[in-house]
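Enquirer: As input, take input.cif (mmCIF, C-alpha atoms and all ligand atoms):
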```
data_target
loop_
_atom_site.group_PDB
_atom_site.id
_atom_site.type_symbol
_atom_site.label_atom_id
_atom_site.label_comp_id
_atom_site.auth_asym_id
_atom_site.auth_seq_id
_atom_site.Cartn_x
_atom_site.Cartn_y
_atom_site.Cartn_z
ATOM 1 C CA MET A 1 123.878 109.275 -4.645
ATOM 2 C CA ASN A 2 122.197 105.863 -4.824
ATOM 3 C CA THR A 3 119.879 105.818 -7.832
ATOM 4 C CA THR A 4 118.757 102.190 -7.546
ATOM 5 C CA ASP A 5 115.054 102.116 -6.640
ATOM 6 C CA GLN A 6 114.730 101.288 -2.958
ATOM 7 C CA TYR A 7 112.002 99.151 -1.370
ATOM 8 C CA ALA A 8 111.716 97.919 2.203
ATOM 9 C CA VAL A 9 109.568 96.272 4.813
ATOM 10 C CA PHE A 10 109.104 98.184 8.051
ATOM 11 C CA GLY A 11 108.045 96.328 11.191
ATOM 12 C CA HIS A 12 108.929 95.713 14.817
ATOM 13 C CA PRO A 13 110.359 93.136 15.312
ATOM 14 C CA ILE A 14 111.534 92.443 11.758
ATOM 15 C CA ASN A 15 114.671 90.285 11.974
ATOM 16 C CA HIS A 16 112.971 87.047 10.822
ATOM 17 C CA SER A 17 111.158 88.616 7.853
ATOM 18 C CA LYS A 18 111.278 86.585 4.644
ATOM 19 C CA SER A 19 110.192 89.597 2.547
ATOM 20 C CA PRO A 20 113.712 90.738 1.479
ATOM 21 C CA ARG A 21 114.439 87.244 0.174
ATOM 22 C CA ILE A 22 111.084 86.978 -1.610
ATOM 23 C CA HIS A 23 111.363 90.383 -3.299
ATOM 24 C CA THR A 24 114.993 89.794 -4.274
ATOM 25 C CA LEU A 25 113.926 86.518 -5.938
ATOM 26 C CA PHE A 26 111.057 88.352 -7.698
ATOM 27 C CA ALA A 27 113.501 91.039 -8.934
ATOM 28 C CA GLU A 28 115.936 88.429 -10.293
ATOM 29 C CA GLN A 29 113.136 86.499 -11.971
ATOM 30 C CA THR A 30 111.634 89.579 -13.658
ATOM 31 C CA GLN A 31 114.996 91.301 -14.257
ATOM 32 C CA GLN A 32 114.039 94.401 -12.326
ATOM 33 C CA ARG A 33 116.843 96.511 -10.842
ATOM 34 C CA LEU A 34 115.926 97.272 -7.245
ATOM 35 C CA ASN A 35 117.044 96.908 -3.668
ATOM 36 C CA TYR A 36 114.764 95.578 -0.893
ATOM 37 C CA THR A 37 115.704 95.669 2.793
ATOM 38 C CA ALA A 38 114.065 95.002 6.177
ATOM 39 C CA GLN A 39 114.093 97.845 8.711
ATOM 40 C CA ASP A 40 113.229 97.625 12.374
ATOM 41 C CA VAL A 41 110.877 100.563 12.901
ATOM 42 C CA PRO A 42 108.990 100.934 16.193
ATOM 43 C CA ALA A 43 105.604 102.675 15.987
ATOM 44 C CA GLU A 44 106.902 105.929 17.522
ATOM 45 C CA SER A 45 109.512 106.309 14.717
ATOM 46 C CA PHE A 46 107.181 105.370 11.857
ATOM 47 C CA THR A 47 106.386 108.875 10.507
ATOM 48 C CA SER A 48 110.009 110.065 10.427
ATOM 49 C CA ALA A 49 111.284 106.722 9.045
ATOM 50 C CA VAL A 50 108.758 106.903 6.165
ATOM 51 C CA ALA A 51 109.736 110.496 5.331
ATOM 52 C CA ASP A 52 113.445 109.604 5.399
ATOM 53 C CA PHE A 53 112.938 106.488 3.259
ATOM 54 C CA PHE A 54 111.085 108.284 0.462
ATOM 55 C CA LYS A 55 113.653 111.115 0.513
ATOM 56 C CA HIS A 56 116.420 108.609 -0.338
ATOM 57 C CA SER A 57 115.273 106.856 -3.558
ATOM 58 C CA GLY A 58 112.479 104.997 -1.744
ATOM 59 C CA LYS A 59 109.740 103.918 -4.185
ATOM 60 C CA GLY A 60 107.623 101.524 -2.138
ATOM 61 C CA LEU A 61 107.209 100.130 1.358
ATOM 62 C CA ASN A 62 105.655 97.087 2.969
ATOM 63 C CA CYS A 63 104.424 97.576 6.521
ATOM 64 C CA THR A 64 103.858 94.765 8.948
ATOM 65 C CA VAL A 65 103.040 94.333 12.654
ATOM 66 C CA PRO A 66 102.524 96.759 14.418
ATOM 67 C CA LEU A 67 102.496 99.415 11.662
ATOM 68 C CA LYS A 68 99.605 98.588 9.312
ATOM 69 C CA GLU A 69 97.147 100.969 10.937
ATOM 70 C CA LEU A 70 99.723 103.774 11.086
ATOM 71 C CA ALA A 71 100.449 103.201 7.386
ATOM 72 C CA TRP A 72 96.707 103.465 6.715
ATOM 73 C CA GLN A 73 96.675 106.818 8.534
ATOM 74 C CA ARG A 74 99.814 108.028 6.695
ATOM 75 C CA ALA A 75 98.640 107.214 3.160
ATOM 76 C CA ASP A 76 97.476 110.250 1.156
ATOM 77 C CA ILE A 77 95.192 108.115 -1.023
ATOM 78 C CA LEU A 78 93.723 104.674 -0.282
ATOM 79 C CA SER A 79 92.710 101.825 -2.581
ATOM 80 C CA GLU A 80 89.156 100.543 -2.111
ATOM 81 C CA ARG A 81 90.409 97.402 -0.320
ATOM 82 C CA ALA A 82 92.619 99.473 2.003
ATOM 83 C CA LYS A 83 89.639 101.734 2.799
ATOM 84 C CA LEU A 84 87.586 98.682 3.776
ATOM 85 C CA SER A 85 90.302 96.956 5.789
ATOM 86 C CA LYS A 86 91.525 100.104 7.589
ATOM 87 C CA ALA A 87 95.017 98.655 7.349
ATOM 88 C CA VAL A 88 97.788 99.213 4.778
ATOM 89 C CA ASN A 89 100.599 96.755 4.062
ATOM 90 C CA THR A 90 101.825 98.417 0.851
ATOM 91 C CA LEU A 91 102.745 102.073 0.277
ATOM 92 C CA VAL A 92 103.559 103.335 -3.215
ATOM 93 C CA LEU A 93 105.200 106.632 -4.123
ATOM 94 C CA GLN A 94 103.101 108.340 -6.788
ATOM 95 C CA LYS A 95 104.479 110.625 -9.530
ATOM 96 C CA ASP A 96 103.184 113.713 -7.699
ATOM 97 C CA GLY A 97 105.006 112.716 -4.489
ATOM 98 C CA SER A 98 101.899 111.483 -2.661
ATOM 99 C CA LEU A 99 101.686 108.028 -1.072
ATOM 100 C CA LEU A 100 99.059 105.494 -2.161
ATOM 101 C CA GLY A 101 98.127 102.918 0.482
ATOM 102 C CA ASP A 102 96.943 99.436 -0.469
ATOM 103 C CA ASN A 103 96.302 96.140 1.310
ATOM 104 C CA THR A 104 97.351 92.966 -0.506
ATOM 105 C CA ASP A 105 96.897 90.483 2.386
ATOM 106 C CA GLY A 106 93.377 89.369 1.454
ATOM 107 C CA ILE A 107 94.059 88.930 -2.238
ATOM 108 C CA GLY A 108 97.220 87.002 -1.285
ATOM 109 C CA LEU A 109 95.234 84.601 0.902
ATOM 110 C CA VAL A 110 92.556 84.053 -1.736
ATOM 111 C CA ALA A 111 95.213 83.448 -4.441
ATOM 112 C CA ASP A 112 96.936 80.865 -2.248
ATOM 113 C CA LEU A 113 93.673 79.074 -1.415
ATOM 114 C CA THR A 114 92.007 79.135 -4.820
ATOM 115 C CA ILE A 115 94.936 79.062 -7.284
ATOM 116 C CA ASN A 116 97.781 77.283 -5.476
ATOM 117 C CA HIS A 117 95.617 74.843 -3.522
ATOM 118 C CA LYS A 118 92.639 74.737 -5.925
ATOM 119 C CA LEU A 119 90.134 75.190 -3.091
ATOM 120 C CA SER A 120 86.833 76.646 -4.260
ATOM 121 C CA LEU A 121 85.174 78.884 -1.648
ATOM 122 C CA LEU A 122 81.829 78.966 -3.453
ATOM 123 C CA LYS A 123 78.995 78.065 -1.039
ATOM 124 C CA LYS A 124 81.504 77.124 1.660
ATOM 125 C CA ARG A 125 80.893 77.749 5.368
ATOM 126 C CA ILE A 126 83.917 79.716 6.527
ATOM 127 C CA LEU A 127 85.051 80.293 10.109
ATOM 128 C CA ILE A 128 87.630 83.008 10.851
ATOM 129 C CA LEU A 129 89.334 82.731 14.241
ATOM 130 C CA GLY A 130 90.446 86.170 15.467
ATOM 131 C CA ALA A 131 89.270 89.703 14.840
ATOM 132 C CA GLY A 132 92.517 91.669 14.529
ATOM 133 C CA GLY A 133 94.172 93.426 11.589
ATOM 134 C CA ALA A 134 94.612 90.287 9.480
ATOM 135 C CA SER A 135 90.916 89.332 9.803
ATOM 136 C CA ARG A 136 89.947 92.843 8.771
ATOM 137 C CA GLY A 137 92.030 92.510 5.581
ATOM 138 C CA ILE A 138 90.682 89.126 4.459
ATOM 139 C CA ILE A 139 86.902 89.436 4.968
ATOM 140 C CA ALA A 140 86.060 91.384 1.784
ATOM 141 C CA PRO A 141 88.225 89.309 -0.630
ATOM 142 C CA LEU A 142 86.779 86.115 0.926
ATOM 143 C CA MET A 143 83.200 87.392 0.527
ATOM 144 C CA GLU A 144 83.924 88.049 -3.175
ATOM 145 C CA GLN A 145 84.299 84.253 -3.549
ATOM 146 C CA SER A 146 80.593 83.821 -2.602
ATOM 147 C CA PRO A 147 80.804 81.556 0.445
ATOM 148 C CA THR A 148 77.522 80.600 2.177
ATOM 149 C CA HIS A 149 78.571 82.627 5.186
ATOM 150 C CA ILE A 150 81.526 83.796 7.247
ATOM 151 C CA VAL A 151 81.523 83.500 11.035
ATOM 152 C CA ILE A 152 84.153 85.480 12.955
ATOM 153 C CA ALA A 153 84.911 84.122 16.440
ATOM 154 C CA ASN A 154 87.138 86.024 18.833
ATOM 155 C CA ARG A 155 88.322 85.917 22.439
ATOM 156 C CA THR A 156 87.294 89.555 22.840
ATOM 157 C CA VAL A 157 83.773 89.118 21.487
ATOM 158 C CA GLU A 158 83.117 92.831 21.018
ATOM 159 C CA LYS A 159 85.798 92.999 18.286
ATOM 160 C CA ALA A 160 84.145 90.168 16.328
ATOM 161 C CA VAL A 161 80.735 91.838 16.660
ATOM 162 C CA ASN A 162 82.187 95.163 15.484
ATOM 163 C CA LEU A 163 83.752 93.528 12.423
ATOM 164 C CA ARG A 164 80.437 91.894 11.635
ATOM 165 C CA GLN A 165 78.721 95.267 11.758
ATOM 166 C CA GLU A 166 81.326 96.912 9.547
ATOM 167 C CA PHE A 167 81.250 94.219 6.860
ATOM 168 C CA SER A 168 77.626 93.012 6.991
ATOM 169 C CA HIS A 169 76.766 94.956 3.804
ATOM 170 C CA LEU A 170 78.915 92.425 1.917
ATOM 171 C CA GLY A 171 76.731 89.427 2.785
ATOM 172 C CA ASN A 172 76.034 86.849 5.470
ATOM 173 C CA ILE A 173 78.567 87.508 8.257
ATOM 174 C CA ALA A 174 78.300 86.741 11.981
ATOM 175 C CA GLY A 175 80.515 87.790 14.881
ATOM 176 C CA CYS A 176 80.578 85.819 18.138
ATOM 177 C CA SER A 177 82.510 84.049 20.892
ATOM 178 C CA TYR A 178 84.195 80.636 20.731
ATOM 179 C CA GLN A 179 81.444 79.324 22.997
ATOM 180 C CA ASP A 180 78.778 80.355 20.448
ATOM 181 C CA ILE A 181 80.251 78.191 17.647
ATOM 182 C CA ARG A 182 80.591 74.980 19.678
ATOM 183 C CA ASP A 183 77.800 73.169 17.786
ATOM 184 C CA ASN A 184 78.512 74.507 14.289
ATOM 185 C CA GLU A 185 80.411 72.924 11.399
ATOM 186 C CA PHE A 186 82.635 74.651 8.851
ATOM 187 C CA ASP A 187 84.171 73.688 5.504
ATOM 188 C CA LEU A 188 87.123 76.038 5.954
ATOM 189 C CA ILE A 189 88.623 77.248 9.232
ATOM 190 C CA LEU A 190 91.096 80.123 8.958
ATOM 191 C CA ASN A 191 93.274 80.885 11.962
ATOM 192 C CA ALA A 192 93.814 84.655 11.898
ATOM 193 C CA THR A 193 94.774 84.842 15.572
ATOM 194 C CA SER A 194 98.365 85.392 16.604
ATOM 195 C CA ALA A 195 98.103 82.411 18.994
ATOM 196 C CA SER A 196 100.351 80.243 16.796
ATOM 197 C CA LEU A 197 103.212 82.672 17.301
ATOM 198 C CA THR A 198 103.371 81.510 20.944
ATOM 199 C CA GLY A 199 102.489 77.872 20.207
ATOM 200 C CA GLU A 200 98.925 78.317 21.544
ATOM 201 C CA LEU A 201 95.519 77.411 20.125
ATOM 202 C CA PRO A 202 92.183 79.203 20.418
ATOM 203 C CA PRO A 203 89.615 77.062 22.289
ATOM 204 C CA LEU A 204 88.265 74.817 19.509
ATOM 205 C CA THR A 205 85.821 71.932 19.851
ATOM 206 C CA SER A 206 86.638 68.774 17.929
ATOM 207 C CA THR A 207 83.393 68.846 15.897
ATOM 208 C CA LEU A 208 84.002 72.251 14.249
ATOM 209 C CA LEU A 209 85.591 70.944 11.056
ATOM 210 C CA ALA A 210 83.176 69.408 8.543
ATOM 211 C CA LYS A 211 84.044 66.171 6.752
ATOM 212 C CA GLN A 212 86.281 67.045 3.777
ATOM 213 C CA GLY A 213 86.971 70.442 5.404
ATOM 214 C CA SER A 214 90.263 72.361 5.319
ATOM 215 C CA CYS A 215 92.300 74.367 7.816
ATOM 216 C CA TYR A 216 94.579 77.339 7.090
ATOM 217 C CA ASP A 217 96.806 79.142 9.566
ATOM 218 C CA LEU A 218 97.736 82.640 8.405
ATOM 219 C CA ALA A 219 100.861 82.338 10.564
ATOM 220 C CA TYR A 220 103.779 80.316 9.196
ATOM 221 C CA SER A 221 106.743 78.605 10.694
ATOM 222 C CA ASN A 222 109.465 76.114 9.775
ATOM 223 C CA LYS A 223 107.665 73.481 11.858
ATOM 224 C CA PRO A 224 103.874 72.842 11.659
ATOM 225 C CA THR A 225 102.060 75.417 13.812
ATOM 226 C CA ALA A 226 99.756 74.341 16.657
ATOM 227 C CA PHE A 227 96.751 75.035 14.416
ATOM 228 C CA VAL A 228 98.174 73.134 11.417
ATOM 229 C CA LYS A 229 98.662 70.185 13.814
ATOM 230 C CA TRP A 230 95.082 70.580 15.071
ATOM 231 C CA GLY A 231 93.841 70.390 11.459
ATOM 232 C CA LEU A 232 95.868 67.251 10.763
ATOM 233 C CA GLU A 233 94.594 65.646 13.974
ATOM 234 C CA HIS A 234 91.014 66.433 12.920
ATOM 235 C CA LYS A 235 91.441 64.894 9.446
ATOM 236 C CA ALA A 236 91.439 68.119 7.445
ATOM 237 C CA VAL A 237 91.831 67.460 3.711
ATOM 238 C CA ASN A 238 94.296 70.355 3.686
ATOM 239 C CA SER A 239 95.976 71.791 6.782
ATOM 240 C CA LEU A 240 98.109 74.648 5.509
ATOM 241 C CA ASP A 241 100.097 77.548 6.888
ATOM 242 C CA GLY A 242 100.470 81.096 5.584
ATOM 243 C CA LEU A 243 103.747 80.841 3.659
ATOM 244 C CA GLY A 244 101.892 80.792 0.339
ATOM 245 C CA MET A 245 99.822 83.803 1.413
ATOM 246 C CA LEU A 246 103.029 85.649 2.329
ATOM 247 C CA VAL A 247 104.489 85.073 -1.140
ATOM 248 C CA GLU A 248 101.204 85.915 -2.895
ATOM 249 C CA GLN A 249 100.669 89.184 -0.993
ATOM 250 C CA ALA A 250 104.283 90.078 -1.839
ATOM 251 C CA ALA A 251 103.705 89.283 -5.527
ATOM 252 C CA GLU A 252 100.702 91.632 -5.581
ATOM 253 C CA ALA A 253 102.765 94.399 -3.930
ATOM 254 C CA PHE A 254 105.582 93.819 -6.461
ATOM 255 C CA PHE A 255 103.060 94.098 -9.297
ATOM 256 C CA ILE A 256 101.693 97.368 -7.876
ATOM 257 C CA TRP A 257 105.217 98.805 -7.620
ATOM 258 C CA ARG A 258 106.828 97.519 -10.820
ATOM 259 C CA GLY A 259 103.922 96.696 -13.176
ATOM 260 C CA VAL A 260 105.290 93.134 -13.632
ATOM 261 C CA ARG A 261 103.703 90.078 -12.033
ATOM 262 C CA PRO A 262 106.232 87.532 -10.767
ATOM 263 C CA GLU A 263 105.612 83.787 -10.988
ATOM 264 C CA THR A 264 105.127 82.514 -7.445
ATOM 265 C CA LYS A 265 105.021 78.722 -7.798
ATOM 266 C CA ASP A 266 108.774 78.064 -7.906
ATOM 267 C CA ILE A 267 109.469 80.599 -5.164
ATOM 268 C CA ILE A 268 106.916 79.004 -2.805
ATOM 269 C CA GLY A 269 108.492 75.646 -3.677
ATOM 270 C CA LEU A 270 111.968 76.977 -2.896
ATOM 271 C CA LEU A 271 110.939 78.480 0.462
ATOM 272 C CA ASN A 272 109.110 75.253 1.350
ATOM 273 C CA SER A 273 112.221 73.233 0.580
ATOM 274 C CA GLU A 274 114.246 75.442 2.927
ATOM 275 C CA ARG A 275 112.050 74.637 5.937
ATOM 276 C CA ASN A 276 113.828 72.435 8.444
HETATM 277 P P1 LIG B 301 96.448 91.278 15.732
HETATM 278 O O1 LIG B 301 97.363 91.503 16.873
HETATM 279 O O2 LIG B 301 95.826 92.440 15.058
HETATM 280 O O3 LIG B 301 95.241 90.313 16.197
HETATM 281 C C1 LIG B 301 95.514 89.168 16.930
HETATM 282 C C2 LIG B 301 94.256 88.336 17.116
HETATM 283 O O4 LIG B 301 94.635 87.110 17.736
HETATM 284 C C3 LIG B 301 93.198 88.966 18.007
HETATM 285 O O5 LIG B 301 91.914 88.627 17.511
HETATM 286 C C4 LIG B 301 93.440 88.266 19.368
HETATM 287 O O6 LIG B 301 92.293 88.168 20.163
HETATM 288 C C5 LIG B 301 93.813 86.885 18.905
HETATM 289 N N1 LIG B 301 94.621 86.103 19.858
HETATM 290 C C6 LIG B 301 95.908 86.318 20.232
HETATM 291 N N2 LIG B 301 96.318 85.346 21.079
HETATM 292 C C7 LIG B 301 95.260 84.494 21.233
HETATM 293 C C8 LIG B 301 95.070 83.290 21.971
HETATM 294 N N3 LIG B 301 96.038 82.770 22.731
HETATM 295 N N4 LIG B 301 93.863 82.671 21.890
HETATM 296 C C9 LIG B 301 92.878 83.176 21.116
HETATM 297 N N5 LIG B 301 92.994 84.324 20.402
HETATM 298 C C10 LIG B 301 94.180 84.975 20.454
HETATM 299 O O7 LIG B 301 97.313 90.382 14.693
HETATM 300 P P2 LIG B 301 97.104 90.303 13.110
HETATM 301 O O8 LIG B 301 95.649 90.205 12.863
HETATM 302 O O9 LIG B 301 97.876 91.365 12.425
HETATM 303 O O10 LIG B 301 97.846 88.906 12.759
HETATM 304 C C11 LIG B 301 97.226 87.661 13.061
HETATM 305 C C12 LIG B 301 98.065 86.533 12.474
HETATM 306 O O11 LIG B 301 98.057 86.568 11.051
HETATM 307 C C13 LIG B 301 99.535 86.566 12.901
HETATM 308 O O12 LIG B 301 99.946 85.250 13.204
HETATM 309 C C14 LIG B 301 100.241 87.055 11.650
HETATM 310 O O13 LIG B 301 101.575 86.575 11.574
HETATM 311 C C15 LIG B 301 99.388 86.428 10.553
HETATM 312 N N6 LIG B 301 99.475 87.131 9.264
HETATM 313 C C16 LIG B 301 100.026 86.444 8.201
HETATM 314 C C17 LIG B 301 100.140 87.033 6.961
HETATM 315 C C18 LIG B 301 100.724 86.254 5.828
HETATM 316 O O14 LIG B 301 101.056 86.844 4.789
HETATM 317 N N7 LIG B 301 100.859 84.942 5.935
HETATM 318 C C19 LIG B 301 99.700 88.421 6.722
HETATM 319 C C20 LIG B 301 99.097 89.048 7.896
HETATM 320 C C21 LIG B 301 99.021 88.409 9.115
HETATM 321 P P3 LIG B 301 91.830 89.408 21.126
HETATM 322 O O15 LIG B 301 91.176 90.401 20.222
HETATM 323 O O16 LIG B 301 90.904 88.789 22.073
HETATM 324 O O17 LIG B 301 93.099 89.940 21.757
#
```
Can the structure from this file be put into structure tokens for me?
Ligand code: NDP

Expert:
Amino acid sequence: MNTTDQYAVFGHPINHSKSPRIHTLFAEQTQQRLNYTAQDVPAESFTSAVADFFKHSGKGLNCTVPLKELAWQRADILSERAKLSKAVNTLVLQKDGSLLGDNTDGIGLVADLTINHKLSLLKKRILILGAGGASRGIIAPLMEQSPTHIVIANRTVEKAVNLRQEFSHLGNIAGCSYQDIRDNEFDLILNATSASLTGELPPLTSTLLAKQGSCYDLAYSNKPTAFVKWGLEHKAVNSLDGLGMLVEQAAEAFFIWRGVRPETKDIIGLLNSERN
């Protein structure tokens, strides 16, 4: 019987996931004995795959597209941030056999912005492009940084308006169409659409980014994404992709599972150096 603690990321597709590499580097750095794998799990197999995993020395799971909502439904207990985001990217086996669901995406983004890139969000005008699962996970941690306001723009306007309604108790949040923001200016534009994955861009006007503003694409790729290029073309002070967020959300999950916080700086540096 394998007694090494098992961890994994479930998703579909999953073959390009960097999570096994990141968690293996964390384990080496912190001298934790564990095994972390990537498993291709379509939505219809999620419940049985989770049960099987935790039956065979499984201690913790990451869940990615398209499983975060199913993981939220499966969790027996939810952290406050998972309750708010209605999506779970981290499952933890508790001593009593129950599964705790958490969401580390938002805290990972904020850590990358504020610690790694030293960007203060205080009194900043923030625009979030997209109103899917990732947007849902980042709104509350961003609001905790006390920006002036957050505007969520989405192709399907109803989803942006719904998010606004759900999160409006946290502060000044608007939900609208791309057309509605044409004449506005923002200090930070976050691309939380999946458009970059197909090399596309949401319809952005060239005046959206304020002078000294920054752009951040939650998606990441070896080459600059379409949105990172857009930021560079529009003279963003920073035009970043989501590799740092990926490592930071993983570090938070690792901490939840193992009680040890890995250092992320060198690992982000290593993964950056491997881009070609
Ligand atoms: P969802 O499928 O839940 O949402 C996708 C969003 O993108 C929707 O708002 C959709 O609009 C919008 N969209 C898709 N294509 C276009 C397009 N061509 N033009 C304009 N809008 C478009 O995805 P997620 O929210 O889970 O993920 C979003 C992105 O965030 C992905 O790129 C993902 O890789 C990244 N991500 C990165 C993480 C990291 O650690 N770096 C963590 C989590 C996510 P509509 O509602 O109209 O369909």

Enquirer: Kindly compile the residues surrounding ligand LIG 301 (chain B) within 7 Å, counting only C-alpha atoms and all ligand atoms, and format them as a list in words.

Expert: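 Checked against 7 Å with only C-alpha atoms and all ligand atoms; the hits are Val65, Asp105, Gly130, Ala131, Gly132, Gly133, Ala134, Ser135, Asn154, Arg155, Thr156, Lys159, Ala192, Thr193, Ser194, Ala195, Ser196, Leu197, Glu200, Leu201, Pro202, Leu218, Ala219, Tyr220, Gly242, Leu243, Met245, Leu246 and Gln249 of chain A.
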
Enquirer: Applying 8 Å and all atoms listed in the file, which residues near Phe167 in chain A remain after dropping the ones on its own chain fewer than 6 positions away? List them as a list of chain:residue names.

Expert: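 Here the answer would be A:Ile139, A:Ala140, A:Ile173.
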
Enquirer: Give me the residues near range 19-30 of chain A as a VMD selection string, where near means some atom within 8 Å (using only C-alpha atoms) and where sequence neighbours in that chain fewer than 5 positions away do not count.

Expert: chain A and resid 8 to 9 35 to 38 247 250 to 251 254 260 262 to 263 267

Enquirer: Could you tell me which residues the PyMOL selection byres (((chain A and resi 122) around 10) and not hetatm) grabs in this file, written as a PDB file with C-alpha atoms, in the frame of the given file?

Expert:
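Final output, saved to result-v7.pdb:
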```
ATOM      1  CA  LEU A 119      90.134  75.190  -3.091  1.00  0.00           C
ATOM      2  CA  SER A 120      86.833  76.646  -4.260  1.00  0.00           C
ATOM      3  CA  LEU A 121      85.174  78.884  -1.648  1.00  0.00           C
ATOM      4  CA  LYS A 123      78.995  78.065  -1.039  1.00  0.00           C
ATOM      5  CA  LYS A 124      81.504  77.124   1.660  1.00  0.00           C
ATOM      6  CA  ARG A 125      80.893  77.749   5.368  1.00  0.00           C
ATOM      7  CA  LEU A 142      86.779  86.115   0.926  1.00  0.00           C
ATOM      8  CA  MET A 143      83.200  87.392   0.527  1.00  0.00           C
ATOM      9  CA  GLU A 144      83.924  88.049  -3.175  1.00  0.00           C
ATOM     10  CA  GLN A 145      84.299  84.253  -3.549  1.00  0.00           C
ATOM     11  CA  SER A 146      80.593  83.821  -2.602  1.00  0.00           C
ATOM     12  CA  PRO A 147      80.804  81.556   0.445  1.00  0.00           C
ATOM     13  CA  THR A 148      77.522  80.600   2.177  1.00  0.00           C
ATOM     14  CA  HIS A 149      78.571  82.627   5.186  1.00  0.00           C
TER      15      HIS A 149
END
```

Enquirer: The PyMOL selection byres (((chain A and resi 82) around 8) and not hetatm) - which residues does that actually catch in the file I just gave you? List them as a PyMOL selection string.

Expert: chain A and resi 72+78-81+83-88+101-103+137

Enquirer: What's the separation between CA of Gln31 in chain A and CA of Leu61 in chain A, in Å to one decimal place?

Expert: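 We find that CA of Gln31 in chain A and CA of Leu61 in chain A lie 19.6 Å from each other.
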
Enquirer: Between A:Glu248, A:Asn191, A:Trp257, A:Asn222, which is the closest to Arg275 in chain A once you count only C-alpha atoms?

Expert: A:Asn222

Enquirer: Name the residues that the PyMOL selection byres (((chain A and resi 228) around 8) and not hetatm) picks from the file above, as number ranges by chain, using the file's chain letters and numbers.

Expert: A: 215-217, 224-227, 229-232, 239-241

Enquirer: Can you work out which one of A:Val92, A:Pro66, A:Gly11, A:His117 has the shortest atom-to-atom distance to Ala49 in chain A, counting only C-alpha atoms?

Expert: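 Among A:Val92, A:Pro66, A:Gly11, A:His117, it is A:Gly11 that comes nearest to Ala49 in chain A.
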
Enquirer: Need the neighbours of (80.2, 92.0, 15.3): which residues are at most 12 Å away, counting all atoms listed in the file, as a list in words?

Expert: Gly130, Ala131, Arg136, Ile150, Val151, Ile152, Ala153, Asn154, Thr156, Val157, Glu158, Lys159, Ala160, Val161, Asn162, Leu163, Arg164, Gln165, Glu166, Phe167, Ser168, Asn172, Ile173, Ala174, Gly175, Cys176 and Ser177 of chain A

Enquirer: May I have the residues within 12 Å of Phe10 in chain A as a short mmCIF file (atom, residue, chain, number, x, y, z; two decimals) with C-alpha atoms, in the coordinates of the input, using all atoms listed in the file and disregarding those fewer than 3 positions away in the same chain?

Expert:
```cif
data_model
loop_
_atom_site.label_atom_id
_atom_site.label_comp_id
_atom_site.auth_asym_id
_atom_site.auth_seq_id
_atom_site.Cartn_x
_atom_site.Cartn_y
_atom_site.Cartn_z
CA TYR A 7 112.00 99.15 -1.37
CA PRO A 13 110.36 93.14 15.31
CA ILE A 14 111.53 92.44 11.76
CA ASN A 15 114.67 90.28 11.97
CA SER A 17 111.16 88.62 7.85
CA SER A 19 110.19 89.60 2.55
CA PRO A 20 113.71 90.74 1.48
CA TYR A 36 114.76 95.58 -0.89
CA THR A 37 115.70 95.67 2.79
CA ALA A 38 114.06 95.00 6.18
CA GLN A 39 114.09 97.84 8.71
CA ASP A 40 113.23 97.62 12.37
CA VAL A 41 110.88 100.56 12.90
CA PRO A 42 108.99 100.93 16.19
CA ALA A 43 105.60 102.68 15.99
CA SER A 45 109.51 106.31 14.72
CA PHE A 46 107.18 105.37 11.86
CA THR A 47 106.39 108.88 10.51
CA ALA A 49 111.28 106.72 9.04
CA VAL A 50 108.76 106.90 6.16
CA PHE A 53 112.94 106.49 3.26
CA GLY A 60 107.62 101.52 -2.14
CA LEU A 61 107.21 100.13 1.36
CA ASN A 62 105.66 97.09 2.97
CA CYS A 63 104.42 97.58 6.52
CA THR A 64 103.86 94.76 8.95
CA VAL A 65 103.04 94.33 12.65
CA PRO A 66 102.52 96.76 14.42
CA LEU A 67 102.50 99.42 11.66
CA LYS A 68 99.60 98.59 9.31
CA LEU A 70 99.72 103.77 11.09
CA ALA A 71 100.45 103.20 7.39
CA VAL A 88 97.79 99.21 4.78
CA ASN A 89 100.60 96.76 4.06
CA THR A 90 101.82 98.42 0.85
CA LEU A 91 102.74 102.07 0.28
#
```

Enquirer: Could you please determine the separation between CA of Leu170 in chain A and CA of Gly108 in chain A in Å, to one decimal place?

Expert: 19.4 Å

Enquirer: Which is closest to Ala210 in chain A among A:Lys235, A:Arg33, A:Lys223, A:Arg182, if we use all atoms listed in the file?

Expert: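 Of A:Lys235, A:Arg33, A:Lys223, A:Arg182, the one nearest Ala210 in chain A, counting all atoms listed in the file, is A:Lys235.
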
Enquirer: Measuring between only C-alpha atoms, which one of A:Ile107, A:Leu208, A:Ile128, A:Leu271 shows the shortest distance to Leu190 in chain A?

Expert: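 Ranked by minimum distance to Leu190 in chain A, first place goes to A:Ile128.
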
Enquirer: Would you please work out which residue, of A:Thr114, A:Asp187, A:Gly213, A:Lys18, is nearest to Ile268 in chain A when using only C-alpha atoms?

Expert: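 So, comparing all the options, the nearest one is A:Lys18.
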
Enquirer: Would you compute the distance between CA of Ile256 in chain A and CA of Leu99 in chain A? Give it in Å to one decimal.

Expert: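 Calculated distance between CA of Ile256 in chain A and CA of Leu99 in chain A is 12.6 Å.
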
Enquirer: Which residue gives the smallest distance to Gly269 in chain A among A:Asn116, A:Leu34, A:Tyr178, A:Gly171, with only C-alpha atoms counted?

Expert: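 Once distances to Gly269 in chain A are computed over only C-alpha atoms, the minimum belongs to A:Asn116.
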